[in-house]
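Have a look at the structure below before the remarks.
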Amino acid sequence: MTDFLSNVAGQTLLSIVARGSAIIAELRRLSDHIPSVFLRPPNDTKSKYAPIILDFSYLKNPDEYEERIEKNEETAELDEEFRENHLALLERFYSLFESVHKYITDWLAYLDELAEGTFVQHTTEGVLLDVEGKQLMAEALYLYGCMLLLMDLRIPGLARERMLISYYRYKGAATIPNIDEVCKLCRSTGYSPTGRIPARYPENYFARVKIPKGTIKMIVSRLRSDDIYNRRKAYPSPDHRSTALATQSAMLYTILYFAPSVLHSEQSMMREIVDKHYNDNWVVAFQMGCAVDLSQAWEPYKAAKLALDNILHKQNVYDVINHYANAVKTLNGRLLKYLTKGVLDERFVMNNIRVLMHCVRDCNVSLRWFLLHRTTMHRKYRELIRKAVGVEQLLDLMTNTAQFELQLKNLLQQLLASKEERWEHYKLEAKTRLQDLSEYFSGERALTRVKKNSNLQQWFQKLADQVSSLDFSNPVVAGRNIAHLIRHLEEVEQFHQIESSMQVKAFLADTREYMTLMIRTANITDSVLADLETISDFAYACEVINDYTSHLHHRIKSKPSTVLLLRATFLKLSSILSLPLVRITQCGSKDDISVAEYYSRNLVRYIRKVLEVVPKSVFNTLALIIDLLTHKMKPVPTKIERLHLQNYAQLNERYTLARATHQVSVFTRGILNMKTTLVGIVQLDPRQLLEDGIRKELVQRIASALHTQLVFGSSKRIEFEHKLKSLGDQLTGFKRSFEYIQDYIHMYGLKIWQEEFSRIIAYSVEQECNSFLKRKVYDWQSIYQSDAIPIPQFRPLDKFSINFMGRLVRELLAQCSPDKTVYIECNQGWYDQQLREVVGIRTFDFLYKGVGVFGLCGVDRLVSFMIVRDLNKLTRIYKRLMDFTNAKYVSGLMEDLKPTTALPRGAKKLYDQCRDKLSSLLRAMASFLVSVGTKQLLRRQIGNQLNFLCKLDSKLLSCSLAAVNDSLILDVRAHYQRPESKEYPANPLLPEVSKHLESAGFNNPLTKIYITSEPLHGLACVMFLFVLEQLNKLKWDKKISTLVAKNQRDGIDGGPLVVGVVTVLKQFHSSHTTLFLRYLAQYVNVSVSTAGTSRTGTLPNDAINALLFLEQFCSFSKIDRKIVDSLVPAYLLDRFTHD
């Protein structure tokens, strides 16, 4: 064995096999992250990705498909977006497919090198005769078969084709080597786990890469005839043969598909294989617990079916079921006896190690048989098996076996650790007693008076010397000598002088006992512990154990202390790591950490799944506590009159509350009493496990409440506010009850609540913002998503929003629609036609009570993304409609209006002509600008609410942020004034402070720059023309002191319109704003000059509206009034009134 692995031939083969184990781990890992767009049905043409997600039919005429995609602008943009978001994942999937192909080609190249004699003194036949060689050769082919089966099972064929074609399109054929071979290997087989198995599957699939038949036959021959892993040493009983050869049985099942002729026609060989490997079992677990029923899998193969029929006849199955059923009942009783406190100790283990090991074997064999065969596809046999042993009996066997193995293993480890010390101690005790007996018969030292016997004296001294000469390093020889000494001591008791002395006989008995303990100590070797590890292997149950999760949940709910027994079961499940890691570790591959981490995390995920019943039970009890605290328990005032004391006592309610609280503490006690456990390479802290479970259930409840409550039917104000109030009451009840029980479960309830609530909001905003981003953040990429504490995803309830945050923001915007409301700046709110408040300070107070500070910040962030989207759309439309002709008109108008301080000739006509020419652009801009203005005002209101709450609830934080903000602004100004002597503030500081300032409302959205864009030709002039167009549709309302639409159907509102113009101009150089103001002031002068003034001295309506717009523009944009005074003559401003 050592010779083969120490040379190049062995190391090369070992590295190939290690790579195969790593590939399978990567396959399993990636199969959990297949994008849903690749999994849609083949006839699904409604998906927006249907035109760009193509299968292998693309290869027949790629030019036609590409032309079809490029011809449609929306499809081309979608294709580019999809490429940017998915290319990295597609590269990883292609790397997986390519690595499978490279794996088998490297192994075939290795076989060719063996045949050509590249490896001196090594041939294929010679390698298959070597112990390690035949293991590695069989594993190499077996792992390739597992790759193919798992790839078809976990990554559907159509999804593989779509991913390969997408990768091919985005990368180009010239940059992808071996693309043809990879596509040939990975093309769809037509197999579906829920559908009918295709004809000649999987042999046709396995034959896509040709493998030498001679090599396959030799490997099958080794597996058929040899015990290549020497497992029979751990299972010496003939009754356990099928379990001892279980690993080979799984390998044979897979490898025989590479030799379908054996399955079809080699009856004698199949009979031999079935009789040796499957004589009492027909359900096989291959590759990490994937169970397969041979009675169904081998149905199409004549020789295999005939061989199986010999073991599947009714009487034989009945006998096997009865044998294992009786064994389960007997073993459960024996295990309870062994697990009784005080039975299993070191002395008992040393004296009964063979019996205990045999019990472990029987338990694992019976457990394996029932766990696997309860999944058989044969309906009648399945019913018989499930009836013979119930789930509770099987779970008893599983948990008790795991606990027994854990205790036995710990005791064996202790015995091995102190083996030499014990040996020396027992040897010293035996030697001392023999020396005492020698001195006793000398007649000089009397236990009692005894006649001197020099023969016995010398004989006992000789025995003492022999005991002293026993060598621990040679336990076999020492054991034989001890056995002879024990026999001599038994014989010497027959002497009259000894037989008549009870004290001497007691000394002899003690000496024999110590010598026996020396033998027992010598029998405890590392091989016993290794056999225990082999016997207790539980990797076969990796998948089937999921069927018993609900039963484990029921057990934990009925008896929370059951969790302590489950710890041993979880440790037993850790054996799944041994198989994939053994070769990776052996060859020193760098993949060991990655593979171990993947399987460990999967195991930890299952453990969390089993134990999640505890937090669920806690929260079910919490529902009662919420009801009591929210609706039934009266708040107790600081002082109570004695007469009313009984009214506040509420003894029945308080008793119910105390009982529910005690029930919560009982549920959590089981997990908290668990010890810290190392599962694979992941250490499980029970306290952290409980906290994660509590967090997970809390997240589920909060997310569910947000999802169900924030659903809006009509756009009525009352319903909107009622939804927010109802949500606030529900979440407040959650929060109060959670704070109430925190001391009973030893956790910081408020901290957990705030962390998880903020994470839910941030995640929901992030996912909702994906619709505005070209490069999206998917669920598995999100920093807010967690494997241990996942945030649930719900199906969208409308076609616009992804989750509750989108619905909330869109409903808020719908409430502020200019079709129904008017924004009144002095009241900081939106009002309907009857001047009733629709959205205002009260609304944001409801919003705060419903979704809290985190929700307000989330709404603010989402609205910001909407503003960015609207501004980007506006710039794209502007660039598209500002063609050469329109640009020429705008340039001409700008020349005609120069200088802005003068009155151009025929200005009114110029304005009207250019507005007519740009009518399509001006109409398109209207909805965007009003929408942007509304969103900006909403952001401002949210900022005001946050700032008020910050000053009210956290005055110190508010003052500190204000001071830091002022200090940073002064530093920035000082830097630009004296750049050589004053450095710019540290870069990491500014973004962090900015986040806190926005969260506390210390920001003005109207001054924000949302987008960066190339300069837009004639922007100031076009915005001026747009304002002229809209001023004709507006009028001044004296009651509310704002510009309102003459006809509400026009969908405009004065305040949002002004803010929209301010925001757009803010995105570009300040010169555009200055020029815009000059144009507007020039228009006022032109209007007055053209129309003159009335007899009363009032200005024309056009001039008044323009001045009103100008006034609001300056107010919102914080422009100094002196600038307007410099542009508009003083006498006009003196005559201007709001009446």
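Each chain in the structure tokens gets a letter, A, B, ..., in the order shown, and its residues are numbered from 1; ligands are numbered from 1 in order too.
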Exercise for the section: Find the residues around region 571-575 of chain A up to 12 Å (only C-alpha atoms counted), leave out those fewer than 5 positions away in its own chain, and share them as a VMD selection string. Expected result: chain A and resid 288 to 289 364 398 to 407 409 532 to 545 564 to 566 580 to 582 596 599 to 604 606 to 607 675 to 684
Exercise for the section: Write out as a VMD selection string the residues lying within 12 Å of His996 (chain A), counting only C-alpha atoms and excluding same-chain residues fewer than 3 positions away. Expected result: chain A and resid 857 946 to 947 950 957 to 958 960 to 962 964 to 965 989 to 993 999 to 1003
Handout entry: Residues within 8 Å of region 236-252 of chain A, only C-alpha atoms, excluding chain neighbours under 3 positions, as a PyMOL selection string
Key = chain A and resi 138-139+142+220+223-224+227-228+231-233+255-256+276-281+284-287+365
Exercise for the section: Please provide as a ChimeraX atom specification all residues within 9 Å of Val274 (chain A), with the sequence filter that same-chain residues fewer than 5 positions apart are discarded (counting only C-alpha atoms). Expected result: /A:269,279,304,307-308,310-311
For those residues, write N, CA and C atoms to a file as a PDB file, in the first residue's frame.
```
ATOM      1  N   MET A 269     -22.928 -14.049 -13.673  1.00  0.00           N
ATOM      2  CA  MET A 269     -22.206 -12.991 -12.966  1.00  0.00           C
ATOM      3  C   MET A 269     -23.150 -12.161 -12.104  1.00  0.00           C
ATOM      4  N   ASN A 279     -27.846  -9.900  -0.933  1.00  0.00           N
ATOM      5  CA  ASN A 279     -28.628 -11.091  -0.587  1.00  0.00           C
ATOM      6  C   ASN A 279     -29.785 -10.785   0.359  1.00  0.00           C
ATOM      7  N   ALA A 304     -30.106  -8.879 -14.550  1.00  0.00           N
ATOM      8  CA  ALA A 304     -30.165  -8.275 -13.220  1.00  0.00           C
ATOM      9  C   ALA A 304     -31.510  -8.541 -12.559  1.00  0.00           C
ATOM     10  N   ALA A 307     -31.723 -12.169 -11.345  1.00  0.00           N
ATOM     11  CA  ALA A 307     -30.922 -12.366 -10.143  1.00  0.00           C
ATOM     12  C   ALA A 307     -31.606 -11.775  -8.917  1.00  0.00           C
ATOM     13  N   LEU A 308     -32.245 -10.613  -9.089  1.00  0.00           N
ATOM     14  CA  LEU A 308     -32.940  -9.987  -7.963  1.00  0.00           C
ATOM     15  C   LEU A 308     -34.185 -10.766  -7.562  1.00  0.00           C
ATOM     16  N   ASN A 310     -34.537 -13.763  -7.185  1.00  0.00           N
ATOM     17  CA  ASN A 310     -34.201 -14.827  -6.241  1.00  0.00           C
ATOM     18  C   ASN A 310     -34.243 -14.346  -4.796  1.00  0.00           C
ATOM     19  N   ILE A 311     -33.959 -13.061  -4.580  1.00  0.00           N
ATOM     20  CA  ILE A 311     -33.988 -12.550  -3.192  1.00  0.00           C
ATOM     21  C   ILE A 311     -35.268 -11.792  -2.892  1.00  0.00           C
TER      22      ILE A 311
END
```
Compile the contact shell of Gln828 (chain A) as a short mmCIF file (atom, residue, chain, number, x, y, z; two decimals) with N, CA and C atoms, in the first residue's frame: residues with an atom at most 9 Å away, counting only C-alpha atoms, same-chain residues fewer than 5 positions apart removed.
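around_6.cif written:
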```cif
data_model
loop_
_atom_site.label_atom_id
_atom_site.label_comp_id
_atom_site.auth_asym_id
_atom_site.auth_seq_id
_atom_site.Cartn_x
_atom_site.Cartn_y
_atom_site.Cartn_z
N TYR A 823 -50.47 69.76 -3.34
CA TYR A 823 -49.47 69.92 -2.28
C TYR A 823 -49.50 71.35 -1.77
N VAL A 839 -52.15 63.12 2.78
CA VAL A 839 -50.83 62.68 3.25
C VAL A 839 -50.17 63.88 3.90
N GLY A 840 -49.80 63.70 5.16
CA GLY A 840 -49.16 64.80 5.87
C GLY A 840 -48.41 64.30 7.08
N ILE A 841 -48.26 65.16 8.07
CA ILE A 841 -47.50 64.80 9.26
C ILE A 841 -48.13 63.59 9.96
N LEU A 937 -40.45 65.74 -2.56
CA LEU A 937 -41.19 66.28 -1.41
C LEU A 937 -41.44 65.19 -0.37
N GLN A 941 -40.22 65.18 3.52
CA GLN A 941 -41.10 64.93 4.65
C GLN A 941 -40.54 63.80 5.54
#
```
Exercise for the section: Write out as a PyMOL selection string each polymer residue whose atoms come within 7 Å of region 882-896 of chain A, counting only C-alpha atoms; drop sequence neighbours fewer than 2 positions from it. Expected result: chain A and resi 878-880+898+904+914+918+1018+1021
Expected file contents, prior selection, C-alpha atoms, as an mmCIF file, in the first residue's frame:
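Full text of selection_29.cif as output:
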```cif
data_model
loop_
_atom_site.group_PDB
_atom_site.id
_atom_site.type_symbol
_atom_site.label_atom_id
_atom_site.label_comp_id
_atom_site.auth_asym_id
_atom_site.auth_seq_id
_atom_site.Cartn_x
_atom_site.Cartn_y
_atom_site.Cartn_z
ATOM 1 C CA TYR A 878 -34.370 64.216 -24.021
ATOM 2 C CA LYS A 879 -31.396 62.916 -26.000
ATOM 3 C CA ARG A 880 -33.615 60.876 -28.288
ATOM 4 C CA LYS A 898 -29.360 87.064 -26.397
ATOM 5 C CA PRO A 904 -35.871 90.513 -28.085
ATOM 6 C CA CYS A 914 -40.330 76.910 -30.542
ATOM 7 C CA LEU A 918 -40.701 70.914 -29.268
ATOM 8 C CA GLY A 1018 -30.052 73.747 -24.592
ATOM 9 C CA CYS A 1021 -33.834 76.994 -22.726
#
```
Exercise for the section: Give the answer as one residue: which of A:Glu825, A:Gly157, A:Ile702, A:Val851 has the shortest atom-to-atom distance to Val1058 (chain A), using only C-alpha atoms? Expected result: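 Once distances to Val1058 (chain A) are computed over only C-alpha atoms, the minimum belongs to A:Glu825.
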